[in-house]
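Data from work.cif: mmCIF, C-alpha atoms
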```cif
data_start
loop_
_atom_site.label_atom_id
_atom_site.label_comp_id
_atom_site.auth_asym_id
_atom_site.auth_seq_id
_atom_site.Cartn_x
_atom_site.Cartn_y
_atom_site.Cartn_z
CA MET A 165 -28.79 -98.68 4.86
CA TYR A 166 -27.02 -99.24 8.14
CA VAL A 167 -23.24 -99.12 8.35
CA ILE A 168 -20.69 -100.28 10.94
CA LEU A 169 -17.28 -98.82 10.13
CA VAL A 170 -13.84 -99.41 11.64
CA TYR A 171 -10.63 -97.66 10.63
CA ASP A 172 -6.94 -98.04 11.26
CA ALA A 173 -4.69 -95.18 10.13
CA THR A 174 -1.64 -93.26 11.32
CA PRO A 175 -2.51 -90.62 13.97
CA LYS A 176 -2.35 -87.76 11.47
CA ARG A 177 -4.59 -89.32 8.85
CA GLY A 178 -6.65 -91.09 11.51
CA ASN A 179 -7.51 -87.70 12.94
CA LYS A 180 -8.79 -86.49 9.59
CA VAL A 181 -10.86 -89.65 9.21
CA LEU A 182 -12.23 -89.19 12.74
CA LYS A 183 -13.26 -85.60 12.09
CA TYR A 184 -14.86 -86.53 8.81
CA LEU A 185 -16.77 -89.51 10.21
CA ARG A 186 -18.12 -87.53 13.16
CA LYS A 187 -20.13 -85.55 10.62
CA LYS A 188 -21.49 -88.63 8.88
CA LEU A 189 -22.00 -91.37 11.45
CA ASN A 190 -22.28 -91.95 15.20
CA TRP A 191 -19.11 -92.58 17.15
CA VAL A 192 -19.29 -95.89 18.99
CA GLN A 193 -15.88 -96.61 20.45
CA ASN A 194 -12.21 -96.05 19.63
CA SER A 195 -12.07 -95.99 15.83
CA VAL A 196 -15.55 -97.46 15.37
CA PHE A 197 -18.59 -95.71 13.96
CA GLU A 198 -22.07 -96.75 13.00
CA GLY A 199 -25.15 -95.19 11.52
CA GLU A 200 -27.85 -94.93 8.93
CA LEU A 201 -26.90 -93.69 5.46
CA THR A 202 -28.58 -93.52 2.10
CA GLU A 203 -26.89 -95.42 -0.70
CA SER A 204 -25.73 -92.16 -2.29
CA SER A 205 -24.30 -90.81 0.99
CA LEU A 206 -22.48 -94.08 1.43
CA MET A 207 -20.95 -93.82 -2.03
CA GLU A 208 -19.94 -90.22 -1.33
CA MET A 209 -18.44 -91.25 2.01
CA LYS A 210 -16.45 -94.04 0.36
CA LYS A 211 -15.01 -91.60 -2.15
CA ASP A 212 -14.16 -89.03 0.54
CA LEU A 213 -12.50 -91.64 2.74
CA GLU A 214 -10.45 -92.92 -0.17
CA SER A 215 -8.99 -89.44 -0.56
CA LEU A 216 -8.32 -89.03 3.19
CA ILE A 217 -6.26 -92.15 3.75
CA ASN A 218 -3.09 -93.60 2.31
CA LYS A 219 -4.40 -96.75 0.69
CA GLU A 220 -1.00 -98.45 0.89
CA HIS A 221 -0.87 -98.18 4.67
CA ASP A 222 -4.26 -97.40 6.21
CA SER A 223 -7.35 -99.52 6.34
CA ILE A 224 -11.04 -98.78 6.56
CA ILE A 225 -13.55 -101.59 6.72
CA TYR A 226 -17.27 -101.14 6.69
CA TYR A 227 -20.13 -103.56 6.91
CA VAL A 228 -23.37 -102.64 5.17
CA PHE A 229 -26.81 -103.94 6.17
CA ASP A 230 -30.20 -103.32 4.69
CA SER A 231 -31.47 -102.67 8.18
CA LYS A 232 -30.31 -102.36 11.77
CA SER A 233 -32.80 -105.10 12.62
CA TYR A 234 -30.43 -107.69 11.13
CA PHE A 235 -28.20 -107.71 14.16
CA GLU A 236 -28.25 -107.70 17.92
CA LYS A 237 -25.78 -105.36 19.60
CA VAL A 238 -24.30 -106.41 22.95
CA ILE A 239 -22.17 -104.16 25.14
CA ILE A 240 -19.90 -105.49 27.89
CA GLY A 241 -18.55 -102.82 30.22
CA VAL A 242 -18.78 -99.13 29.49
CA GLU A 243 -20.82 -97.71 26.63
CA LYS A 244 -18.10 -95.34 25.47
CA SER A 245 -20.35 -93.40 23.13
CA ASN A 246 -21.94 -91.83 26.20
CA LEU A 247 -18.61 -90.11 26.71
CA ASP A 248 -18.67 -88.68 23.23
CA THR A 249 -18.61 -85.06 24.37
CA ILE A 250 -15.54 -85.57 26.55
CA ILE A 251 -13.37 -86.87 23.73
CA MET B 170 -24.03 -117.17 14.34
CA TYR B 171 -21.67 -114.58 12.97
CA VAL B 172 -20.04 -112.02 15.25
CA ILE B 173 -18.25 -108.71 14.68
CA LEU B 174 -16.51 -107.60 17.86
CA VAL B 175 -14.68 -104.40 18.80
CA TYR B 176 -12.93 -103.71 22.09
CA ASP B 177 -11.43 -100.75 23.87
CA ALA B 178 -9.37 -101.47 26.98
CA THR B 179 -6.18 -100.31 28.68
CA PRO B 180 -3.03 -101.82 27.08
CA LYS B 181 -2.62 -104.38 29.86
CA ARG B 182 -6.17 -105.67 29.80
CA GLY B 183 -6.44 -105.07 26.05
CA ASN B 184 -3.56 -107.45 25.56
CA LYS B 185 -5.33 -110.18 27.50
CA VAL B 186 -8.48 -109.61 25.46
CA LEU B 187 -6.45 -109.73 22.24
CA LYS B 188 -4.79 -113.02 23.19
CA TYR B 189 -8.11 -114.53 24.20
CA LEU B 190 -9.95 -113.40 21.06
CA ARG B 191 -7.24 -114.70 18.74
CA LYS B 192 -8.23 -118.18 19.88
CA LYS B 193 -11.94 -117.63 19.29
CA LEU B 194 -12.38 -115.34 16.29
CA ASN B 195 -10.48 -113.97 13.29
CA TRP B 196 -8.51 -110.79 13.72
CA VAL B 197 -9.66 -108.13 11.26
CA GLN B 198 -7.95 -104.87 12.16
CA ASN B 199 -6.72 -103.03 15.24
CA SER B 200 -9.05 -104.15 18.03
CA VAL B 201 -11.62 -105.68 15.70
CA PHE B 202 -12.45 -109.36 15.30
CA GLU B 203 -15.07 -111.32 13.47
CA GLY B 204 -16.09 -114.93 13.07
CA GLU B 205 -18.54 -117.75 13.23
CA LEU B 206 -19.53 -119.01 16.68
CA THR B 207 -22.17 -121.31 18.06
CA GLU B 208 -24.62 -119.80 20.50
CA SER B 209 -23.00 -121.66 23.38
CA SER B 210 -19.47 -120.56 22.41
CA LEU B 211 -20.74 -117.02 22.22
CA MET B 212 -22.17 -117.23 25.72
CA GLU B 213 -18.92 -118.70 26.98
CA MET B 214 -16.95 -115.96 25.25
CA LYS B 215 -19.14 -113.27 26.80
CA LYS B 216 -18.54 -114.73 30.27
CA ASP B 217 -14.79 -114.98 29.71
CA LEU B 218 -14.54 -111.43 28.38
CA GLU B 219 -16.50 -110.11 31.35
CA SER B 220 -13.85 -111.54 33.61
CA LEU B 221 -10.94 -110.19 31.55
CA ILE B 222 -11.94 -106.53 31.46
CA ASN B 223 -12.67 -103.87 34.02
CA LYS B 224 -16.33 -103.18 33.37
CA GLU B 225 -16.09 -99.69 34.82
CA HIS B 226 -13.47 -98.57 32.33
CA ASP B 227 -13.21 -100.92 29.35
CA SER B 228 -15.70 -101.58 26.63
CA ILE B 229 -16.44 -104.51 24.37
CA ILE B 230 -19.18 -104.31 21.77
CA TYR B 231 -20.27 -107.15 19.58
CA TYR B 232 -22.82 -107.42 16.85
CA VAL B 233 -24.51 -110.78 16.33
CA PHE B 234 -26.06 -111.95 13.06
CA ASP B 235 -27.79 -115.14 12.10
CA SER B 236 -25.61 -115.31 9.04
CA LYS B 237 -22.70 -113.62 7.34
CA SER B 238 -24.96 -113.16 4.31
CA TYR B 239 -26.76 -110.32 6.09
CA PHE B 240 -24.02 -107.84 5.31
CA GLU B 241 -21.67 -106.72 2.62
CA LYS B 242 -18.08 -106.06 3.73
CA VAL B 243 -16.14 -103.30 1.98
CA ILE B 244 -12.42 -102.67 2.49
CA ILE B 245 -10.75 -99.37 1.57
CA GLY B 246 -6.97 -99.49 1.61
CA VAL B 247 -5.02 -102.33 3.15
CA GLU B 248 -6.60 -105.55 4.30
CA LYS B 249 -4.73 -105.65 7.61
CA SER B 250 -5.71 -109.19 8.43
CA ASN B 251 -3.29 -110.33 5.72
CA LEU B 252 -0.57 -109.03 8.02
CA ASP B 253 -1.82 -111.12 10.89
CA THR B 254 1.38 -113.10 11.25
CA ILE B 255 3.54 -109.97 11.50
CA ILE B 256 1.71 -108.59 14.53
#
```

Final structure tokens representation of the file:
Amino acid sequence: MYVILVYDATPKRGNKVLKYLRKKLNWVQNSVFEGELTESSLMEMKKDLESLINKEHDSIIYYVFDSKSYFEKVIIGVEKSNLDTII
Amino acid sequence: MYVILVYDATPKRGNKVLKYLRKKLNWVQNSVFEGELTESSLMEMKKDLESLINKEHDSIIYYVFDSKSYFEKVIIGVEKSNLDTII
């Protein structure tokens, strides 16, 4: 399955989410990640993320596709993920 | 067509992008929008966004689908778009 994930959390919790997601998905931009996951990894990730955020205040949204071929990705400007190592 | 869009720009230009996108798509979270667009509106939006950002520094990524039915959307925590009017 292919996942596009965006998150919005306080800096402290956002940092934990960032660190966690770097191990699971590919960083795209800002607080955006995408990548291929098995259904079981996705379920595990959901559970882990639920424990990392404050569900009253933070927000994580992810979009799940059967395949990456279902969408076209267009980039205007810089492809930030090239800068991954700098951040 | 259905579009998920994320942007990353300096506050000044980001603000212009935000104002522009609020007229075209639905605000989802942070610097994330989504919505239905015709192919011609999408082309127009792309052109407009190209003129609003600095292409050397800022980044806008959008994912285009034939239909919203191609993905499942999962929200963990708060659905920020409910707070749209507060922001």

- Message: What's the separation between atom CA of Lys216 of chain B and atom CA of Gln193 of chain A, in Å to one decimal place?
- Response: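 Taking atom CA of Lys216 of chain B as the start and atom CA of Gln193 of chain A as the end point, the length is 20.8 Å.
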
What would the selection look like, as a PDB file with C-alpha atoms, in the coordinates of the input, if the PyMOL selection byres ((chain B and resi 238) around 12) were run on the coordinates I just shared?
```pdb
ATOM      1  CA  TYR A 227     -20.130-103.560   6.910  1.00  0.00           C
ATOM      2  CA  VAL A 228     -23.370-102.640   5.170  1.00  0.00           C
ATOM      3  CA  PHE A 229     -26.810-103.940   6.170  1.00  0.00           C
ATOM      4  CA  ASP A 230     -30.200-103.320   4.690  1.00  0.00           C
ATOM      5  CA  TYR A 234     -30.430-107.690  11.130  1.00  0.00           C
ATOM      6  CA  PHE A 235     -28.200-107.710  14.160  1.00  0.00           C
TER       7      PHE A 235
ATOM      8  CA  MET B 170     -24.030-117.170  14.340  1.00  0.00           C
ATOM      9  CA  TYR B 171     -21.670-114.580  12.970  1.00  0.00           C
ATOM     10  CA  GLU B 205     -18.540-117.750  13.230  1.00  0.00           C
ATOM     11  CA  PHE B 234     -26.060-111.950  13.060  1.00  0.00           C
ATOM     12  CA  ASP B 235     -27.790-115.140  12.100  1.00  0.00           C
ATOM     13  CA  SER B 236     -25.610-115.310   9.040  1.00  0.00           C
ATOM     14  CA  LYS B 237     -22.700-113.620   7.340  1.00  0.00           C
ATOM     15  CA  TYR B 239     -26.760-110.320   6.090  1.00  0.00           C
ATOM     16  CA  PHE B 240     -24.020-107.840   5.310  1.00  0.00           C
ATOM     17  CA  GLU B 241     -21.670-106.720   2.620  1.00  0.00           C
ATOM     18  CA  LYS B 242     -18.080-106.060   3.730  1.00  0.00           C
TER      19      LYS B 242
END
```

Could you tell me which residues of chain A sit within 9 Å of chain B when counting all atoms listed in the file, and give me the result as a PDB file with C-alpha atoms, in the frame of the given file?
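Generated output (selection.pdb):
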```pdb
ATOM      1  CA  VAL A 170     -13.840 -99.410  11.640  1.00  0.00           C
ATOM      2  CA  TYR A 171     -10.630 -97.660  10.630  1.00  0.00           C
ATOM      3  CA  ASP A 172      -6.940 -98.040  11.260  1.00  0.00           C
ATOM      4  CA  VAL A 192     -19.290 -95.890  18.990  1.00  0.00           C
ATOM      5  CA  GLN A 193     -15.880 -96.610  20.450  1.00  0.00           C
ATOM      6  CA  ASN A 194     -12.210 -96.050  19.630  1.00  0.00           C
ATOM      7  CA  SER A 195     -12.070 -95.990  15.830  1.00  0.00           C
ATOM      8  CA  VAL A 196     -15.550 -97.460  15.370  1.00  0.00           C
ATOM      9  CA  LYS A 210     -16.450 -94.040   0.360  1.00  0.00           C
ATOM     10  CA  LEU A 213     -12.500 -91.640   2.740  1.00  0.00           C
ATOM     11  CA  GLU A 214     -10.450 -92.920  -0.170  1.00  0.00           C
ATOM     12  CA  ILE A 217      -6.260 -92.150   3.750  1.00  0.00           C
ATOM     13  CA  ASN A 218      -3.090 -93.600   2.310  1.00  0.00           C
ATOM     14  CA  LYS A 219      -4.400 -96.750   0.690  1.00  0.00           C
ATOM     15  CA  GLU A 220      -1.000 -98.450   0.890  1.00  0.00           C
ATOM     16  CA  HIS A 221      -0.870 -98.180   4.670  1.00  0.00           C
ATOM     17  CA  ASP A 222      -4.260 -97.400   6.210  1.00  0.00           C
ATOM     18  CA  SER A 223      -7.350 -99.520   6.340  1.00  0.00           C
ATOM     19  CA  ILE A 224     -11.040 -98.780   6.560  1.00  0.00           C
ATOM     20  CA  ILE A 225     -13.550-101.590   6.720  1.00  0.00           C
ATOM     21  CA  TYR A 226     -17.270-101.140   6.690  1.00  0.00           C
ATOM     22  CA  TYR A 227     -20.130-103.560   6.910  1.00  0.00           C
ATOM     23  CA  VAL A 228     -23.370-102.640   5.170  1.00  0.00           C
ATOM     24  CA  PHE A 229     -26.810-103.940   6.170  1.00  0.00           C
ATOM     25  CA  ASP A 230     -30.200-103.320   4.690  1.00  0.00           C
ATOM     26  CA  TYR A 234     -30.430-107.690  11.130  1.00  0.00           C
ATOM     27  CA  PHE A 235     -28.200-107.710  14.160  1.00  0.00           C
ATOM     28  CA  GLU A 236     -28.250-107.700  17.920  1.00  0.00           C
ATOM     29  CA  LYS A 237     -25.780-105.360  19.600  1.00  0.00           C
ATOM     30  CA  VAL A 238     -24.300-106.410  22.950  1.00  0.00           C
ATOM     31  CA  ILE A 239     -22.170-104.160  25.140  1.00  0.00           C
ATOM     32  CA  ILE A 240     -19.900-105.490  27.890  1.00  0.00           C
ATOM     33  CA  GLY A 241     -18.550-102.820  30.220  1.00  0.00           C
ATOM     34  CA  VAL A 242     -18.780 -99.130  29.490  1.00  0.00           C
ATOM     35  CA  GLU A 243     -20.820 -97.710  26.630  1.00  0.00           C
ATOM     36  CA  LYS A 244     -18.100 -95.340  25.470  1.00  0.00           C
TER      37      LYS A 244
END
```

- Mind pulling up the distance from atom CA of Trp196 of chain B to atom CA of Ser250 of chain B?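 Interatomic distance here is 6.2 Å.
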
Could you superpose chain B on chain A by least squares over every Cα, matched in sequence order, and send it back as a PDB file with C-alpha atoms, in the coordinates of the input?
```pdb
ATOM      1  CA  MET B 170     -28.800 -98.696   4.853  1.00  0.00           C
ATOM      2  CA  TYR B 171     -27.036 -99.239   8.131  1.00  0.00           C
ATOM      3  CA  VAL B 172     -23.249 -99.113   8.357  1.00  0.00           C
ATOM      4  CA  ILE B 173     -20.699-100.270  10.935  1.00  0.00           C
ATOM      5  CA  LEU B 174     -17.286 -98.825  10.139  1.00  0.00           C
ATOM      6  CA  VAL B 175     -13.839 -99.407  11.640  1.00  0.00           C
ATOM      7  CA  TYR B 176     -10.638 -97.642  10.640  1.00  0.00           C
ATOM      8  CA  ASP B 177      -6.944 -98.026  11.263  1.00  0.00           C
ATOM      9  CA  ALA B 178      -4.701 -95.172  10.142  1.00  0.00           C
ATOM     10  CA  THR B 179      -1.655 -93.240  11.326  1.00  0.00           C
ATOM     11  CA  PRO B 180      -2.530 -90.600  13.977  1.00  0.00           C
ATOM     12  CA  LYS B 181      -2.355 -87.751  11.466  1.00  0.00           C
ATOM     13  CA  ARG B 182      -4.583 -89.328   8.854  1.00  0.00           C
ATOM     14  CA  GLY B 183      -6.652 -91.086  11.523  1.00  0.00           C
ATOM     15  CA  ASN B 184      -7.514 -87.705  12.945  1.00  0.00           C
ATOM     16  CA  LYS B 185      -8.794 -86.489   9.593  1.00  0.00           C
ATOM     17  CA  VAL B 186     -10.865 -89.648   9.220  1.00  0.00           C
ATOM     18  CA  LEU B 187     -12.236 -89.200  12.744  1.00  0.00           C
ATOM     19  CA  LYS B 188     -13.255 -85.592  12.089  1.00  0.00           C
ATOM     20  CA  TYR B 189     -14.869 -86.531   8.797  1.00  0.00           C
ATOM     21  CA  LEU B 190     -16.772 -89.516  10.207  1.00  0.00           C
ATOM     22  CA  ARG B 191     -18.123 -87.541  13.155  1.00  0.00           C
ATOM     23  CA  LYS B 192     -20.131 -85.549  10.627  1.00  0.00           C
ATOM     24  CA  LYS B 193     -21.503 -88.620   8.867  1.00  0.00           C
ATOM     25  CA  LEU B 194     -22.012 -91.379  11.430  1.00  0.00           C
ATOM     26  CA  ASN B 195     -22.279 -91.938  15.185  1.00  0.00           C
ATOM     27  CA  TRP B 196     -19.118 -92.572  17.129  1.00  0.00           C
ATOM     28  CA  VAL B 197     -19.295 -95.889  18.977  1.00  0.00           C
ATOM     29  CA  GLN B 198     -15.877 -96.606  20.449  1.00  0.00           C
ATOM     30  CA  ASN B 199     -12.220 -96.023  19.630  1.00  0.00           C
ATOM     31  CA  SER B 200     -12.075 -95.988  15.829  1.00  0.00           C
ATOM     32  CA  VAL B 201     -15.542 -97.452  15.367  1.00  0.00           C
ATOM     33  CA  PHE B 202     -18.602 -95.702  13.966  1.00  0.00           C
ATOM     34  CA  GLU B 203     -22.063 -96.758  12.984  1.00  0.00           C
ATOM     35  CA  GLY B 204     -25.146 -95.183  11.485  1.00  0.00           C
ATOM     36  CA  GLU B 205     -27.867 -94.929   8.933  1.00  0.00           C
ATOM     37  CA  LEU B 206     -26.902 -93.683   5.470  1.00  0.00           C
ATOM     38  CA  THR B 207     -28.567 -93.520   2.099  1.00  0.00           C
ATOM     39  CA  GLU B 208     -26.901 -95.420  -0.703  1.00  0.00           C
ATOM     40  CA  SER B 209     -25.740 -92.182  -2.298  1.00  0.00           C
ATOM     41  CA  SER B 210     -24.302 -90.816   0.970  1.00  0.00           C
ATOM     42  CA  LEU B 211     -22.487 -94.086   1.413  1.00  0.00           C
ATOM     43  CA  MET B 212     -20.941 -93.820  -2.033  1.00  0.00           C
ATOM     44  CA  GLU B 213     -19.939 -90.241  -1.328  1.00  0.00           C
ATOM     45  CA  MET B 214     -18.445 -91.261   2.005  1.00  0.00           C
ATOM     46  CA  LYS B 215     -16.445 -94.047   0.369  1.00  0.00           C
ATOM     47  CA  LYS B 216     -15.016 -91.582  -2.164  1.00  0.00           C
ATOM     48  CA  ASP B 217     -14.153 -89.043   0.529  1.00  0.00           C
ATOM     49  CA  LEU B 218     -12.492 -91.644   2.744  1.00  0.00           C
ATOM     50  CA  GLU B 219     -10.438 -92.919  -0.182  1.00  0.00           C
ATOM     51  CA  SER B 220      -8.997 -89.460  -0.551  1.00  0.00           C
ATOM     52  CA  LEU B 221      -8.309 -89.024   3.174  1.00  0.00           C
ATOM     53  CA  ILE B 222      -6.250 -92.158   3.755  1.00  0.00           C
ATOM     54  CA  ASN B 223      -3.090 -93.614   2.320  1.00  0.00           C
ATOM     55  CA  LYS B 224      -4.387 -96.763   0.678  1.00  0.00           C
ATOM     56  CA  GLU B 225      -1.009 -98.459   0.903  1.00  0.00           C
ATOM     57  CA  HIS B 226      -0.857 -98.202   4.675  1.00  0.00           C
ATOM     58  CA  ASP B 227      -4.245 -97.403   6.208  1.00  0.00           C
ATOM     59  CA  SER B 228      -7.339 -99.512   6.346  1.00  0.00           C
ATOM     60  CA  ILE B 229     -11.035 -98.782   6.553  1.00  0.00           C
ATOM     61  CA  ILE B 230     -13.561-101.593   6.718  1.00  0.00           C
ATOM     62  CA  TYR B 231     -17.281-101.138   6.683  1.00  0.00           C
ATOM     63  CA  TYR B 232     -20.138-103.550   6.912  1.00  0.00           C
ATOM     64  CA  VAL B 233     -23.375-102.634   5.152  1.00  0.00           C
ATOM     65  CA  PHE B 234     -26.816-103.938   6.114  1.00  0.00           C
ATOM     66  CA  ASP B 235     -30.231-103.301   4.694  1.00  0.00           C
ATOM     67  CA  SER B 236     -31.480-102.667   8.184  1.00  0.00           C
ATOM     68  CA  LYS B 237     -30.333-102.343  11.761  1.00  0.00           C
ATOM     69  CA  SER B 238     -32.776-105.136  12.616  1.00  0.00           C
ATOM     70  CA  TYR B 239     -30.385-107.683  11.111  1.00  0.00           C
ATOM     71  CA  PHE B 240     -28.181-107.710  14.179  1.00  0.00           C
ATOM     72  CA  GLU B 241     -28.255-107.699  17.921  1.00  0.00           C
ATOM     73  CA  LYS B 242     -25.776-105.349  19.618  1.00  0.00           C
ATOM     74  CA  VAL B 243     -24.292-106.409  22.952  1.00  0.00           C
ATOM     75  CA  ILE B 244     -22.165-104.138  25.146  1.00  0.00           C
ATOM     76  CA  ILE B 245     -19.888-105.480  27.893  1.00  0.00           C
ATOM     77  CA  GLY B 246     -18.546-102.819  30.221  1.00  0.00           C
ATOM     78  CA  VAL B 247     -18.778 -99.127  29.474  1.00  0.00           C
ATOM     79  CA  GLU B 248     -20.821 -97.705  26.647  1.00  0.00           C
ATOM     80  CA  LYS B 249     -18.100 -95.329  25.460  1.00  0.00           C
ATOM     81  CA  SER B 250     -20.348 -93.391  23.146  1.00  0.00           C
ATOM     82  CA  ASN B 251     -21.944 -91.841  26.236  1.00  0.00           C
ATOM     83  CA  LEU B 252     -18.597 -90.132  26.742  1.00  0.00           C
ATOM     84  CA  ASP B 253     -18.661 -88.695  23.264  1.00  0.00           C
ATOM     85  CA  THR B 254     -18.594 -85.094  24.413  1.00  0.00           C
ATOM     86  CA  ILE B 255     -15.510 -85.623  26.589  1.00  0.00           C
ATOM     87  CA  ILE B 256     -13.329 -86.830  23.722  1.00  0.00           C
TER      88      ILE B 256
END
```

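Atom pair atom CA of Leu182 of chain A / atom CA of Met207 of chain A has a distance of 17.8 Å (rounded to one decimal).
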
Give the padded box for segment 176-181 of chain A as AutoDock Vina command-line options: axis-aligned, covering all atoms listed in the file, 4 Å on each side, centre and edge lengths in Å to one decimal.
```
--center_x -6.6 --center_y -88.8 --center_z 10.9 --size_x 16.5 --size_y 12.6 --size_z 12.1
```

- Query: Using the chain letters and numbers from the file, which residues does the PyMOL selection byres ((chain B and resi 193) around 10) grab, as an MDAnalysis selection string?
  - Reply: chainID B and resid 188:192 194:196 202:206 210:211 214

- With a distance cut-off of 7 Å and only C-alpha atoms, select the neighbouring residues of Leu221 of chain B, excluding the residue or stretch itself and same-chain residues fewer than 4 positions from it, and output the selection as an MDAnalysis selection string. chainID B and resid 182 185:186 217

Place N, CA and C atoms on segment 170-186 of chain B and deliver the coordinates as an mmCIF file, keeping the file's coordinate frame.
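Done, and the output landed in rebuild13.cif:
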```
data_model
loop_
_atom_site.group_PDB
_atom_site.id
_atom_site.type_symbol
_atom_site.label_atom_id
_atom_site.label_comp_id
_atom_site.auth_asym_id
_atom_site.auth_seq_id
_atom_site.Cartn_x
_atom_site.Cartn_y
_atom_site.Cartn_z
ATOM 1 N N MET B 170 -23.824 -118.603 14.271
ATOM 2 C CA MET B 170 -24.030 -117.170 14.340
ATOM 3 C C MET B 170 -22.730 -116.490 13.921
ATOM 4 N N TYR B 171 -22.859 -115.297 13.387
ATOM 5 C CA TYR B 171 -21.670 -114.580 12.970
ATOM 6 C C TYR B 171 -21.509 -113.339 13.837
ATOM 7 N N VAL B 172 -20.284 -113.092 14.285
ATOM 8 C CA VAL B 172 -20.040 -112.020 15.250
ATOM 9 C C VAL B 172 -18.982 -111.044 14.742
ATOM 10 N N ILE B 173 -19.268 -109.751 14.876
ATOM 11 C CA ILE B 173 -18.250 -108.710 14.680
ATOM 12 C C ILE B 173 -18.030 -108.095 16.051
ATOM 13 N N LEU B 174 -16.785 -108.062 16.498
ATOM 14 C CA LEU B 174 -16.510 -107.600 17.860
ATOM 15 C C LEU B 174 -15.440 -106.508 17.860
ATOM 16 N N VAL B 175 -15.677 -105.457 18.625
ATOM 17 C CA VAL B 175 -14.680 -104.400 18.800
ATOM 18 C C VAL B 175 -14.436 -104.202 20.294
ATOM 19 N N TYR B 176 -13.192 -103.934 20.670
ATOM 20 C CA TYR B 176 -12.930 -103.710 22.090
ATOM 21 C C TYR B 176 -12.072 -102.484 22.298
ATOM 22 N N ASP B 177 -12.178 -101.948 23.483
ATOM 23 C CA ASP B 177 -11.430 -100.750 23.870
ATOM 24 C C ASP B 177 -11.076 -100.929 25.351
ATOM 25 N N ALA B 178 -9.798 -101.213 25.605
ATOM 26 C CA ALA B 178 -9.370 -101.470 26.980
ATOM 27 C C ALA B 178 -7.974 -100.897 27.175
ATOM 28 N N THR B 179 -7.543 -100.764 28.417
ATOM 29 C CA THR B 179 -6.180 -100.310 28.680
ATOM 30 C C THR B 179 -5.206 -101.308 28.059
ATOM 31 N N PRO B 180 -3.965 -100.890 27.743
ATOM 32 C CA PRO B 180 -3.030 -101.820 27.080
ATOM 33 C C PRO B 180 -2.904 -103.161 27.798
ATOM 34 N N LYS B 181 -2.823 -103.129 29.117
ATOM 35 C CA LYS B 181 -2.620 -104.380 29.860
ATOM 36 C C LYS B 181 -3.808 -105.342 29.680
ATOM 37 N N ARG B 182 -4.987 -104.816 29.941
ATOM 38 C CA ARG B 182 -6.170 -105.670 29.800
ATOM 39 C C ARG B 182 -6.479 -105.923 28.318
ATOM 40 N N GLY B 183 -6.214 -104.925 27.490
ATOM 41 C CA GLY B 183 -6.440 -105.070 26.050
ATOM 42 C C GLY B 183 -5.620 -106.219 25.481
ATOM 43 N N ASN B 184 -4.435 -106.386 26.003
ATOM 44 C CA ASN B 184 -3.560 -107.450 25.560
ATOM 45 C C ASN B 184 -4.113 -108.838 25.899
ATOM 46 N N LYS B 185 -4.701 -108.918 27.087
ATOM 47 C CA LYS B 185 -5.330 -110.180 27.500
ATOM 48 C C LYS B 185 -6.519 -110.500 26.603
ATOM 49 N N VAL B 186 -7.306 -109.448 26.317
ATOM 50 C CA VAL B 186 -8.480 -109.610 25.460
ATOM 51 C C VAL B 186 -8.041 -110.059 24.066
#
```
